[in-house]
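Participant: Sharing a structure here in structure tokens format.
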Amino acid sequence: MSVSEQMIAEVQPLIPAMRRYARAMLRHRDDADDLVQDVLERALAHWRSRRGAARLRAWLFAILHNLALDRLRRRARRGPEAAIDSVPEQWLAVPAEQERAIAQQDLLAQLALLPEDQRAVLLLVGVEDLSYAEAAAVLDVPLGTVMSRLSRARERLRRQLEEGGRPSPALRVVR
């Protein structure tokens, strides 16, 4: 009996068990079949270096297990695979984030230029989503003051953003 015939005779009964284990590890039938094929190729290439016939099953399963872990790690690094035709177009076209990040930075810079009382009201109502009454309680001011400061803050912020980030000049007293 030749070496290849001997290998086939010893390995063939183990293939169904290897396929089951590969499917359990990879959870995909075609990937599991490919993995078993790779195990058989590796076993054939290293057939003479194996240690004893009694350990053949353990040797093949060790190869299978290590190759499966490699594939799982590779899959985790790459993310899920899908045919290009099955992927929705919006997944392929991701909008650039740079402009949004710059706009956020501009907004934060302009927000910092607002007077403290206006900035506090705008943050409490606009960002923290407090009601006018809650903001008035936090700031310990009347409800009307919250509404007036908020209106002035929104208007001033709008003007600053329209002017390209230059703060509006401070009011001066004319005599």
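Each chain of the structure tokens is named A, B, ... in the order shown, its residues numbered from 1; ligands are numbered from 1 in display order.
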For Val138 (chain A), please output as number ranges by chain all residues within 12 Å (counting only C-alpha atoms; exclusion window: fewer than 6 positions along the same chain).
Facilitator: A: 120-121, 123-125, 128, 130-132, 146
Participant: Once you have the residues from the selection above, write them out as a tab-separated table (two decimals), in the first residue's frame, restricted to C-alpha atoms.
Facilitator:
chain	number	residue	atom	x	y	z
A	120	ALA	CA	-25.31	78.66	30.49
A	121	VAL	CA	-28.96	78.97	29.40
A	123	LEU	CA	-26.33	74.70	27.21
A	124	LEU	CA	-28.96	73.82	29.80
A	125	VAL	CA	-31.91	74.09	27.41
A	128	GLU	CA	-28.94	69.15	28.41
A	130	LEU	CA	-33.87	70.96	30.50
A	131	SER	CA	-37.20	72.74	30.38
A	132	TYR	CA	-37.26	76.51	30.77
A	146	VAL	CA	-34.30	82.29	30.93
Participant: Identify all residues of region 88-160 of chain A in helix (DSSP H, G or I) (DSSP on the backbone) and supply them as a PyMOL selection string.
Facilitator: chain A and resi 89-92+98-113+116-127+132-139+143-160
Participant: Pick out the closest residue to Arg73 (chain A) from this set: A:Leu161, A:Met25, A:Leu114, A:Ile8. Count only C-alpha atoms.
Facilitator: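 Residue with the minimum atom-to-atom distance to Arg73 (chain A): A:Met25.
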Participant: Go through A:Gln118, A:Ala45, A:Arg55, A:Arg29 and flag the residue nearest Glu10 (chain A), using only C-alpha atoms for the distances.
Facilitator: A:Arg55
Participant: Which is closer to Ile15 (chain A) than all the others in A:Leu143, A:Ala135, A:Ala101, A:Val36, using only C-alpha atoms?
Facilitator: A:Val36
Participant: Which neighbours of Ala68 (chain A) fall inside 9 Å, counting only C-alpha atoms, when residues of the same chain fewer than 5 positions from it are skipped, and could you give them as a ChimeraX atom specification?
Facilitator: /A:22,25-26,32,35,63,73
Participant: Just to confirm, what's the straight-line distance from CA of Arg78 (chain A) to CA of Tyr21 (chain A) in Å (one decimal)?
Facilitator: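 For CA of Arg78 (chain A) relative to CA of Tyr21 (chain A), the distance reads 23.0 Å.
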Participant: Would you please work out which residue, of A:Leu64, A:Met147, A:Leu56, A:Ala24, is nearest to Val11 (chain A) when using only C-alpha atoms?
Facilitator: A:Leu56
Participant: Could you check which of A:His65, A:Arg48, A:Arg149, A:Gln160 is closest to Arg20 (chain A), using only C-alpha atoms?
Facilitator: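 Answer, going by the shortest atom-to-atom distance: A:His65.
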Participant: Tell me, in Å to one decimal, how far CA of Leu107 (chain A) is from CA of Arg119 (chain A).
Facilitator: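 Calculated distance between CA of Leu107 (chain A) and CA of Arg119 (chain A) is 12.0 Å.
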Participant: Smallest atom-to-atom distance to Leu122 (chain A): which of A:Val94, A:Ala103, A:Leu157, A:Ala43, using only C-alpha atoms?
Facilitator: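 Once distances to Leu122 (chain A) are computed over only C-alpha atoms, the minimum belongs to A:Leu157.
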Participant: Leaving out Met7 (chain A) and any residue of its chain fewer than 5 positions from it, which residues lie within 9 Å of it when counting only C-alpha atoms, given as a PDB file with C-alpha atoms, in the first residue's frame?
Facilitator:
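Contents of result.pdb, freshly written:
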ATOM      1  CA  SER A   2       1.430   3.423  -0.980  1.00  0.00           C
ATOM      2  CA  GLN A  12     -11.213   9.266   5.322  1.00  0.00           C
ATOM      3  CA  LEU A  44      -0.673  15.533   3.319  1.00  0.00           C
ATOM      4  CA  TRP A  47       2.324  13.364   6.735  1.00  0.00           C
TER       5      TRP A  47
END
Participant: At what distance in Å, to one decimal, does CA of Asp129 (chain A) lie from CA of Gln110 (chain A)?
Facilitator: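 Atom-to-atom, CA of Gln110 (chain A) to CA of Asp129 (chain A), that is 19.8 Å.
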